[in-house]
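Coordinates as given in model-v1.tsv (TSV, N, CA, C and O atoms):
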```tsv
chain	number	residue	atom	x	y	z
V	1007	ALA	N	141.18	97.05	72.64
V	1007	ALA	CA	141.33	98.36	73.25
V	1007	ALA	C	141.55	98.23	74.76
V	1007	ALA	O	142.35	98.95	75.33
V	1008	ALA	N	140.82	97.30	75.37
V	1008	ALA	CA	140.94	97.13	76.82
V	1008	ALA	C	142.37	96.73	77.20
V	1008	ALA	O	142.91	97.24	78.19
V	1009	ASN	N	142.97	95.86	76.42
V	1009	ASN	CA	144.34	95.41	76.72
V	1009	ASN	C	145.34	96.55	76.62
V	1009	ASN	O	146.35	96.54	77.32
V	1010	GLN	N	145.08	97.50	75.74
V	1010	GLN	CA	145.97	98.64	75.61
V	1010	GLN	C	145.75	99.66	76.72
V	1010	GLN	O	146.69	100.32	77.16
V	1011	LEU	N	144.51	99.80	77.16
V	1011	LEU	CA	144.19	100.79	78.19
V	1011	LEU	C	144.52	100.31	79.60
V	1011	LEU	O	144.86	101.13	80.47
V	1012	LYS	N	144.38	99.02	79.87
V	1012	LYS	CA	144.55	98.51	81.23
V	1012	LYS	C	145.89	98.89	81.86
V	1012	LYS	O	145.90	99.35	83.01
V	1013	PRO	N	147.02	98.75	81.18
V	1013	PRO	CA	148.28	99.14	81.84
V	1013	PRO	C	148.32	100.62	82.23
V	1013	PRO	O	148.87	100.96	83.27
V	1014	ILE	N	147.72	101.46	81.43
V	1014	ILE	CA	147.67	102.90	81.74
V	1014	ILE	C	146.72	103.13	82.91
V	1014	ILE	O	147.02	103.88	83.84
V	1015	ALA	N	145.56	102.48	82.88
V	1015	ALA	CA	144.55	102.66	83.91
V	1015	ALA	C	144.96	102.04	85.24
V	1015	ALA	O	144.43	102.42	86.29
V	1016	ASP	N	145.87	101.10	85.23
V	1016	ASP	CA	146.31	100.46	86.47
V	1016	ASP	C	147.21	101.35	87.30
V	1016	ASP	O	147.44	101.07	88.48
V	1017	ASP	N	147.69	102.43	86.73
V	1017	ASP	CA	148.48	103.42	87.47
V	1017	ASP	C	147.55	104.08	88.50
V	1017	ASP	O	146.43	104.47	88.17
V	1018	VAL	N	148.00	104.23	89.73
V	1018	VAL	CA	147.16	104.82	90.78
V	1018	VAL	C	146.78	106.26	90.46
V	1018	VAL	O	145.79	106.78	90.99
V	1019	ASN	N	147.54	106.91	89.61
V	1019	ASN	CA	147.25	108.30	89.23
V	1019	ASN	C	146.53	108.41	87.89
V	1019	ASN	O	146.50	109.49	87.31
V	1020	ALA	N	145.99	107.32	87.42
V	1020	ALA	CA	145.30	107.35	86.12
V	1020	ALA	C	144.16	108.35	86.16
V	1020	ALA	O	143.41	108.42	87.14
V	1021	PRO	N	144.02	109.13	85.09
V	1021	PRO	CA	142.92	110.09	85.04
V	1021	PRO	C	141.56	109.39	84.93
V	1021	PRO	O	141.47	108.26	84.43
V	1022	ASP	N	140.54	110.06	85.40
V	1022	ASP	CA	139.19	109.50	85.39
V	1022	ASP	C	138.74	109.10	83.99
V	1022	ASP	O	138.08	108.08	83.81
V	1023	GLU	N	139.09	109.88	83.00
V	1023	GLU	CA	138.71	109.57	81.62
V	1023	GLU	C	139.29	108.22	81.20
V	1023	GLU	O	138.61	107.41	80.57
V	1024	THR	N	140.53	107.97	81.57
V	1024	THR	CA	141.17	106.69	81.24
V	1024	THR	C	140.49	105.54	81.97
V	1024	THR	O	140.23	104.48	81.38
V	1025	LEU	N	140.17	105.75	83.23
V	1025	LEU	CA	139.48	104.72	84.00
V	1025	LEU	C	138.12	104.41	83.39
V	1025	LEU	O	137.74	103.24	83.23
V	1026	PHE	N	137.39	105.47	83.02
V	1026	PHE	CA	136.08	105.27	82.42
V	1026	PHE	C	136.17	104.49	81.11
V	1026	PHE	O	135.45	103.52	80.91
V	1027	TYR	N	137.05	104.91	80.22
V	1027	TYR	CA	137.13	104.24	78.92
V	1027	TYR	C	137.71	102.83	79.02
V	1027	TYR	O	137.38	101.97	78.20
V	1028	THR	N	138.53	102.58	80.01
V	1028	THR	CA	138.99	101.21	80.25
V	1028	THR	C	137.81	100.35	80.68
V	1028	THR	O	137.61	99.24	80.17
V	1029	GLY	N	137.02	100.86	81.61
V	1029	GLY	CA	135.81	100.16	82.02
V	1029	GLY	C	134.87	99.94	80.86
V	1029	GLY	O	134.31	98.85	80.69
V	1030	GLU	N	134.71	100.94	80.02
V	1030	GLU	CA	133.82	100.82	78.85
V	1030	GLU	C	134.33	99.76	77.88
V	1030	GLU	O	133.54	98.96	77.37
V	1031	ALA	N	135.63	99.73	77.63
V	1031	ALA	CA	136.19	98.73	76.72
V	1031	ALA	C	135.98	97.32	77.28
V	1031	ALA	O	135.64	96.39	76.54
V	1032	LEU	N	136.16	97.17	78.58
V	1032	LEU	CA	135.94	95.87	79.21
V	1032	LEU	C	134.45	95.49	79.18
V	1032	LEU	O	134.11	94.32	78.97
V	1033	LEU	N	133.59	96.47	79.37
V	1033	LEU	CA	132.15	96.23	79.29
V	1033	LEU	C	131.77	95.72	77.91
V	1033	LEU	O	131.03	94.74	77.77
V	1034	GLN	N	132.29	96.35	76.89
V	1034	GLN	CA	132.01	95.96	75.51
V	1034	GLN	C	132.55	94.56	75.20
V	1034	GLN	O	132.01	93.85	74.36
V	1035	ALA	N	133.61	94.17	75.92
V	1035	ALA	CA	134.21	92.85	75.73
V	1035	ALA	C	133.51	91.78	76.58
V	1035	ALA	O	133.92	90.61	76.57
V	1036	GLY	N	132.48	92.18	77.33
V	1036	GLY	CA	131.76	91.22	78.16
V	1036	GLY	C	132.43	90.89	79.47
V	1036	GLY	O	132.04	89.94	80.15
V	1037	GLN	N	133.42	91.66	79.86
V	1037	GLN	CA	134.12	91.46	81.13
V	1037	GLN	C	133.52	92.40	82.17
V	1037	GLN	O	134.16	93.33	82.65
V	1038	TRP	N	132.25	92.12	82.53
V	1038	TRP	CA	131.46	93.04	83.33
V	1038	TRP	C	132.04	93.32	84.70
V	1038	TRP	O	132.08	94.48	85.13
V	1039	GLU	N	132.44	92.30	85.42
V	1039	GLU	CA	132.95	92.52	86.78
V	1039	GLU	C	134.25	93.32	86.78
V	1039	GLU	O	134.45	94.19	87.62
V	1040	LEU	N	135.11	93.04	85.83
V	1040	LEU	CA	136.35	93.80	85.72
V	1040	LEU	C	136.05	95.24	85.31
V	1040	LEU	O	136.68	96.18	85.81
V	1041	ALA	N	135.07	95.42	84.44
V	1041	ALA	CA	134.67	96.77	84.03
V	1041	ALA	C	134.23	97.57	85.25
V	1041	ALA	O	134.63	98.73	85.43
V	1042	VAL	N	133.42	96.96	86.11
V	1042	VAL	CA	132.92	97.65	87.31
V	1042	VAL	C	134.09	98.09	88.18
V	1042	VAL	O	134.07	99.18	88.76
V	1043	SER	N	135.13	97.28	88.27
V	1043	SER	CA	136.27	97.64	89.12
V	1043	SER	C	136.94	98.93	88.63
V	1043	SER	O	137.43	99.71	89.45
V	1044	TYR	N	136.95	99.17	87.34
V	1044	TYR	CA	137.51	100.42	86.82
V	1044	TYR	C	136.52	101.57	86.99
V	1044	TYR	O	136.91	102.68	87.36
V	1045	PHE	N	135.24	101.33	86.74
V	1045	PHE	CA	134.24	102.38	86.94
V	1045	PHE	C	134.22	102.86	88.39
V	1045	PHE	O	134.06	104.04	88.66
V	1046	GLN	N	134.41	101.94	89.34
V	1046	GLN	CA	134.37	102.30	90.75
V	1046	GLN	C	135.53	103.20	91.15
V	1046	GLN	O	135.44	103.92	92.15
V	1047	ARG	N	136.61	103.18	90.40
V	1047	ARG	CA	137.78	104.01	90.72
V	1047	ARG	C	137.63	105.43	90.23
V	1047	ARG	O	138.44	106.31	90.61
V	1048	VAL	N	136.61	105.72	89.42
V	1048	VAL	CA	136.41	107.08	88.92
V	1048	VAL	C	136.02	107.98	90.09
V	1048	VAL	O	135.12	107.66	90.87
V	1049	ARG	N	136.72	109.09	90.22
V	1049	ARG	CA	136.48	110.02	91.32
V	1049	ARG	C	135.27	110.91	91.02
V	1049	ARG	O	134.84	111.01	89.88
V	1050	PRO	N	134.72	111.56	92.06
V	1050	PRO	CA	133.61	112.48	91.83
V	1050	PRO	C	134.01	113.56	90.82
V	1050	PRO	O	135.13	114.05	90.82
V	1051	GLY	N	133.07	113.89	89.97
V	1051	GLY	CA	133.33	114.89	88.94
V	1051	GLY	C	132.63	114.52	87.65
V	1051	GLY	O	131.64	113.77	87.65
V	1052	TYR	N	133.15	115.00	86.57
V	1052	TYR	CA	132.52	114.88	85.26
V	1052	TYR	C	132.18	113.44	84.87
V	1052	TYR	O	131.11	113.17	84.35
V	1053	TRP	N	133.07	112.50	85.10
V	1053	TRP	CA	132.89	111.12	84.65
V	1053	TRP	C	132.12	110.23	85.62
V	1053	TRP	O	131.74	109.11	85.29
V	1054	ARG	N	131.86	110.72	86.84
V	1054	ARG	CA	131.29	109.86	87.88
V	1054	ARG	C	129.90	109.32	87.53
V	1054	ARG	O	129.63	108.13	87.68
V	1055	GLU	N	128.99	110.17	87.08
V	1055	GLU	CA	127.64	109.70	86.80
V	1055	GLU	C	127.61	108.72	85.64
V	1055	GLU	O	126.90	107.70	85.69
V	1056	ALA	N	128.40	108.97	84.62
V	1056	ALA	CA	128.47	108.03	83.49
V	1056	ALA	C	129.04	106.69	83.96
V	1056	ALA	O	128.58	105.63	83.54
V	1057	ALA	N	130.03	106.74	84.84
V	1057	ALA	CA	130.62	105.51	85.37
V	1057	ALA	C	129.59	104.74	86.21
V	1057	ALA	O	129.52	103.51	86.13
V	1058	ASP	N	128.80	105.46	87.00
V	1058	ASP	CA	127.75	104.80	87.79
V	1058	ASP	C	126.72	104.14	86.89
V	1058	ASP	O	126.27	103.02	87.15
V	1059	TRP	N	126.32	104.82	85.83
V	1059	TRP	CA	125.34	104.28	84.90
V	1059	TRP	C	125.86	102.99	84.26
V	1059	TRP	O	125.19	101.97	84.22
V	1060	ARG	N	127.08	103.05	83.76
V	1060	ARG	CA	127.66	101.87	83.11
V	1060	ARG	C	127.89	100.75	84.13
V	1060	ARG	O	127.72	99.58	83.80
V	1061	SER	N	128.25	101.11	85.36
V	1061	SER	CA	128.40	100.10	86.42
V	1061	SER	C	127.08	99.40	86.68
V	1061	SER	O	127.04	98.17	86.82
V	1062	ALA	N	126.00	100.18	86.75
V	1062	ALA	CA	124.68	99.59	86.99
V	1062	ALA	C	124.33	98.59	85.90
V	1062	ALA	O	123.85	97.49	86.17
V	1063	LEU	N	124.60	98.95	84.66
V	1063	LEU	CA	124.32	98.04	83.54
V	1063	LEU	C	125.15	96.77	83.65
V	1063	LEU	O	124.65	95.66	83.41
V	1064	ALA	N	126.42	96.91	84.02
V	1064	ALA	CA	127.29	95.73	84.16
V	1064	ALA	C	126.84	94.86	85.32
V	1064	ALA	O	126.83	93.63	85.22
V	1065	LEU	N	126.46	95.49	86.42
V	1065	LEU	CA	126.00	94.73	87.59
V	1065	LEU	C	124.75	93.92	87.28
V	1065	LEU	O	124.59	92.79	87.75
V	1066	ILE	N	123.87	94.49	86.48
V	1066	ILE	CA	122.68	93.76	86.06
V	1066	ILE	C	123.09	92.52	85.26
V	1066	ILE	O	122.53	91.44	85.45
V	1067	GLN	N	124.07	92.66	84.40
V	1067	GLN	CA	124.53	91.54	83.57
V	1067	GLN	C	125.05	90.38	84.41
V	1067	GLN	O	124.90	89.23	84.02
V	1068	VAL	N	125.66	90.69	85.55
V	1068	VAL	CA	126.22	89.62	86.39
V	1068	VAL	C	125.28	89.22	87.53
V	1068	VAL	O	125.66	88.47	88.42
V	1069	GLY	N	124.05	89.73	87.49
V	1069	GLY	CA	123.04	89.32	88.45
V	1069	GLY	C	123.12	90.01	89.80
V	1069	GLY	O	122.47	89.58	90.75
V	1070	GLN	N	123.88	91.07	89.91
V	1070	GLN	CA	123.98	91.82	91.17
V	1070	GLN	C	122.96	92.97	91.14
V	1070	GLN	O	123.30	94.15	91.17
V	1071	ILE	N	121.70	92.58	91.10
V	1071	ILE	CA	120.60	93.52	90.92
V	1071	ILE	C	120.49	94.52	92.06
V	1071	ILE	O	120.27	95.72	91.83
V	1072	ASP	N	120.66	94.06	93.30
V	1072	ASP	CA	120.54	94.97	94.44
V	1072	ASP	C	121.59	96.07	94.39
V	1072	ASP	O	121.28	97.23	94.68
V	1073	GLN	N	122.81	95.73	94.02
V	1073	GLN	CA	123.86	96.74	93.90
V	1073	GLN	C	123.54	97.71	92.76
V	1073	GLN	O	123.76	98.91	92.89
V	1074	ALA	N	123.02	97.19	91.65
V	1074	ALA	CA	122.65	98.04	90.53
V	1074	ALA	C	121.54	99.01	90.95
V	1074	ALA	O	121.59	100.20	90.62
V	1075	LYS	N	120.57	98.50	91.71
V	1075	LYS	CA	119.47	99.35	92.15
V	1075	LYS	C	119.96	100.48	93.06
V	1075	LYS	O	119.47	101.61	92.96
V	1076	LEU	N	120.96	100.20	93.90
V	1076	LEU	CA	121.52	101.26	94.75
V	1076	LEU	C	122.12	102.38	93.92
V	1076	LEU	O	121.92	103.57	94.21
V	1077	LEU	N	122.87	102.02	92.89
V	1077	LEU	CA	123.45	103.04	92.02
V	1077	LEU	C	122.36	103.82	91.29
V	1077	LEU	O	122.43	105.04	91.18
V	1078	LEU	N	121.36	103.12	90.80
V	1078	LEU	CA	120.28	103.79	90.08
V	1078	LEU	C	119.49	104.73	90.99
V	1078	LEU	O	119.12	105.83	90.57
V	1079	GLU	N	119.27	104.32	92.23
V	1079	GLU	CA	118.58	105.19	93.19
V	1079	GLU	C	119.39	106.47	93.41
V	1079	GLU	O	118.83	107.56	93.48
V	1080	LYS	N	120.70	106.32	93.51
V	1080	LYS	CA	121.58	107.47	93.70
V	1080	LYS	C	121.49	108.43	92.51
V	1080	LYS	O	121.56	109.64	92.66
V	1081	MET	N	121.28	107.88	91.33
V	1081	MET	CA	121.26	108.67	90.11
V	1081	MET	C	119.93	109.38	89.87
V	1081	MET	O	119.83	110.22	88.99
V	1082	ARG	N	118.94	109.09	90.66
V	1082	ARG	CA	117.61	109.68	90.45
V	1082	ARG	C	117.62	111.20	90.58
V	1082	ARG	O	116.72	111.86	90.08
V	1083	GLY	N	118.61	111.76	91.23
V	1083	GLY	CA	118.69	113.21	91.37
V	1083	GLY	C	119.64	113.86	90.39
V	1083	GLY	O	119.89	115.05	90.46
V	1084	GLY	N	120.16	113.09	89.45
V	1084	GLY	CA	121.16	113.61	88.53
V	1084	GLY	C	120.64	113.78	87.12
V	1084	GLY	O	119.43	113.77	86.86
V	1085	GLN	N	121.57	113.90	86.20
V	1085	GLN	CA	121.24	114.12	84.79
V	1085	GLN	C	120.57	112.92	84.15
V	1085	GLN	O	119.85	113.06	83.17
V	1086	ARG	N	120.81	111.75	84.66
V	1086	ARG	CA	120.21	110.53	84.10
V	1086	ARG	C	118.98	110.08	84.87
V	1086	ARG	O	118.65	108.90	84.90
V	1087	GLN	N	118.31	111.03	85.49
V	1087	GLN	CA	117.15	110.72	86.32
V	1087	GLN	C	116.11	109.89	85.57
V	1087	GLN	O	115.65	108.88	86.07
V	1088	ASN	N	115.75	110.31	84.37
V	1088	ASN	CA	114.72	109.58	83.61
V	1088	ASN	C	115.17	108.18	83.25
V	1088	ASN	O	114.39	107.22	83.35
V	1089	GLN	N	116.42	108.03	82.83
V	1089	GLN	CA	116.94	106.71	82.48
V	1089	GLN	C	116.97	105.81	83.72
V	1089	GLN	O	116.61	104.64	83.64
V	1090	ALA	N	117.43	106.37	84.84
V	1090	ALA	CA	117.49	105.59	86.08
V	1090	ALA	C	116.09	105.17	86.51
V	1090	ALA	O	115.88	104.01	86.89
V	1091	ASP	N	115.13	106.08	86.44
V	1091	ASP	CA	113.75	105.75	86.80
V	1091	ASP	C	113.20	104.64	85.91
V	1091	ASP	O	112.58	103.69	86.40
V	1092	ASP	N	113.42	104.77	84.61
V	1092	ASP	CA	112.91	103.76	83.67
V	1092	ASP	C	113.51	102.38	83.94
V	1092	ASP	O	112.80	101.37	83.93
V	1093	LEU	N	114.82	102.34	84.18
V	1093	LEU	CA	115.47	101.06	84.43
V	1093	LEU	C	115.02	100.46	85.77
V	1093	LEU	O	114.79	99.26	85.86
V	1094	LEU	N	114.87	101.30	86.78
V	1094	LEU	CA	114.38	100.81	88.07
V	1094	LEU	C	112.97	100.22	87.94
V	1094	LEU	O	112.68	99.17	88.50
V	1095	LYS	N	112.12	100.89	87.18
V	1095	LYS	CA	110.76	100.38	86.96
V	1095	LYS	C	110.81	99.03	86.26
V	1095	LYS	O	110.07	98.10	86.61
V	1096	ALA	N	111.67	98.90	85.26
V	1096	ALA	CA	111.78	97.64	84.53
V	1096	ALA	C	112.30	96.52	85.44
V	1096	ALA	O	111.81	95.40	85.40
V	1097	ILE	N	113.27	96.84	86.27
V	1097	ILE	CA	113.82	95.84	87.20
V	1097	ILE	C	112.75	95.41	88.18
V	1097	ILE	O	112.55	94.20	88.43
V	1098	ASN	N	112.04	96.37	88.76
V	1098	ASN	CA	111.02	96.06	89.74
V	1098	ASN	C	109.88	95.25	89.11
V	1098	ASN	O	109.36	94.33	89.75
V	1099	ALA	N	109.50	95.57	87.89
V	1099	ALA	CA	108.43	94.82	87.21
V	1099	ALA	C	108.86	93.38	86.96
V	1099	ALA	O	108.06	92.45	87.11
V	1100	LYS	N	110.12	93.20	86.61
V	1100	LYS	CA	110.62	91.85	86.34
V	1100	LYS	C	110.73	91.02	87.62
V	1100	LYS	O	110.57	89.81	87.58
V	1101	GLN	N	110.99	91.67	88.74
V	1101	GLN	CA	111.15	90.97	90.01
V	1101	GLN	C	109.81	90.59	90.65
V	1101	GLN	O	109.79	89.81	91.58
V	1102	GLN	N	108.72	91.12	90.13
V	1102	GLN	CA	107.41	90.81	90.72
V	1102	GLN	C	106.86	89.52	90.22
V	1102	GLN	O	107.11	88.96	89.27
```
I'd like the structure from this file rewritten - as structure tokens, please.
Amino acid sequence: AANQLKPIADDVNAPDETLFYTGEALLQAGQWELAVSYFQRVRPGYWREAADWRSALALIQVGQIDQAKLLLEKMRGGQRQNQADDLLKAINAKQQ
């Protein structure tokens, strides 16, 4: 799926939904850093918080914990507040 979506998502005018699902397909394929690059291109709006959540998960996979924590902190005021809080607690407990 990622190989089919990437050419469409590489267009500078690609819609946010396409960028998100390209990132998701890459995430599922274990291509975490490439997935983050697509999630980061999602503009503010409907898909932004979901893209931040998935980016945080990918960043954790590649060991970029501090960057993941920044995204999770940002999400504490949004719809995924409880999920962000829970994941931050788990990260902090593991780092102690």
Shell around Ile1097 of chain V at 10 Å using only C-alpha atoms, local window under 6 positions removed, as a PyMOL selection string: chain V and resi 1066+1071-1072+1074-1075+1091
Emit the selected residues as a CSV table (one decimal), keeping the file's coordinate frame, including N, CA, C and O atoms.
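What follows is the written file result18.csv:
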```
chain,number,residue,atom,x,y,z
V,1066,ILE,N,123.9,94.5,86.5
V,1066,ILE,CA,122.7,93.8,86.1
V,1066,ILE,C,123.1,92.5,85.3
V,1066,ILE,O,122.5,91.4,85.4
V,1071,ILE,N,121.7,92.6,91.1
V,1071,ILE,CA,120.6,93.5,90.9
V,1071,ILE,C,120.5,94.5,92.1
V,1071,ILE,O,120.3,95.7,91.8
V,1072,ASP,N,120.7,94.1,93.3
V,1072,ASP,CA,120.5,95.0,94.4
V,1072,ASP,C,121.6,96.1,94.4
V,1072,ASP,O,121.3,97.2,94.7
V,1074,ALA,N,123.0,97.2,91.6
V,1074,ALA,CA,122.6,98.0,90.5
V,1074,ALA,C,121.5,99.0,91.0
V,1074,ALA,O,121.6,100.2,90.6
V,1075,LYS,N,120.6,98.5,91.7
V,1075,LYS,CA,119.5,99.4,92.2
V,1075,LYS,C,120.0,100.5,93.1
V,1075,LYS,O,119.5,101.6,93.0
V,1091,ASP,N,115.1,106.1,86.4
V,1091,ASP,CA,113.8,105.8,86.8
V,1091,ASP,C,113.2,104.6,85.9
V,1091,ASP,O,112.6,103.7,86.4
```
Among listed residues V:Pro1021, V:Gly1069, V:Pro1013, V:Gly1083, nearest Trp1038 of chain V (using only C-alpha atoms):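 Once distances to Trp1038 of chain V are computed over only C-alpha atoms, the minimum belongs to V:Gly1069.
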Secondary structure check, helix (DSSP H, G or I) residues of chain V, as a ChimeraX atom specification: /V:1008-1015,1022-1034,1038-1045,1054-1067,1071-1081,1087-1101
Coordinates-based distance that separates atom O of Val1068 of chain V from atom N of Val1048 of chain V (Å, one decimal): 20.5 Å
Atomic separation - atom O of Lys1095 of chain V relative to atom N of Glu1030 of chain V, Å: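 Going from atom N of Glu1030 of chain V over to atom O of Lys1095 of chain V, I get 25.7 Å.
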Å distance separating atom C of Gln1037 of chain V from atom O of Gly1084 of chain V, one decimal place: 26.0 Å
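If you count all atoms listed in the file and ignore residues fewer than 2 places along the chain from Ala1057 of chain V, what sits within 7 Å of it is Phe1026, Val1042, Phe1045, Gln1046, Val1048, Tyr1052, Trp1053, Arg1054, Glu1055, Trp1059, Arg1060, Ser1061, Ala1062 and Leu1063 of chain V.
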Spatial neighbours of Gly1029 of chain V, 5 Å, only N, CA, C and O atoms, chain gap at least 5 places, as number ranges by chain: V: 1024, 1034, 1041, 1045
Counting all atoms listed in the file, the residue of V:Ala1020, V:Ile1014, V:Ala1056, V:Gln1067 that sits nearest Glu1039 of chain V: V:Gln1067
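You can rank V:Ala1035, V:Leu1093, V:Glu1079, V:Glu1023 by their closest distance to Ala1008 of chain V using only N, CA, C and O atoms, and at the top of that list sits V:Ala1035.
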Nearest to Leu1025 of chain V, chosen from V:Ser1043, V:Gln1073, V:Gln1087, V:Gln1101, with only C-alpha atoms counted in the distances: V:Ser1043
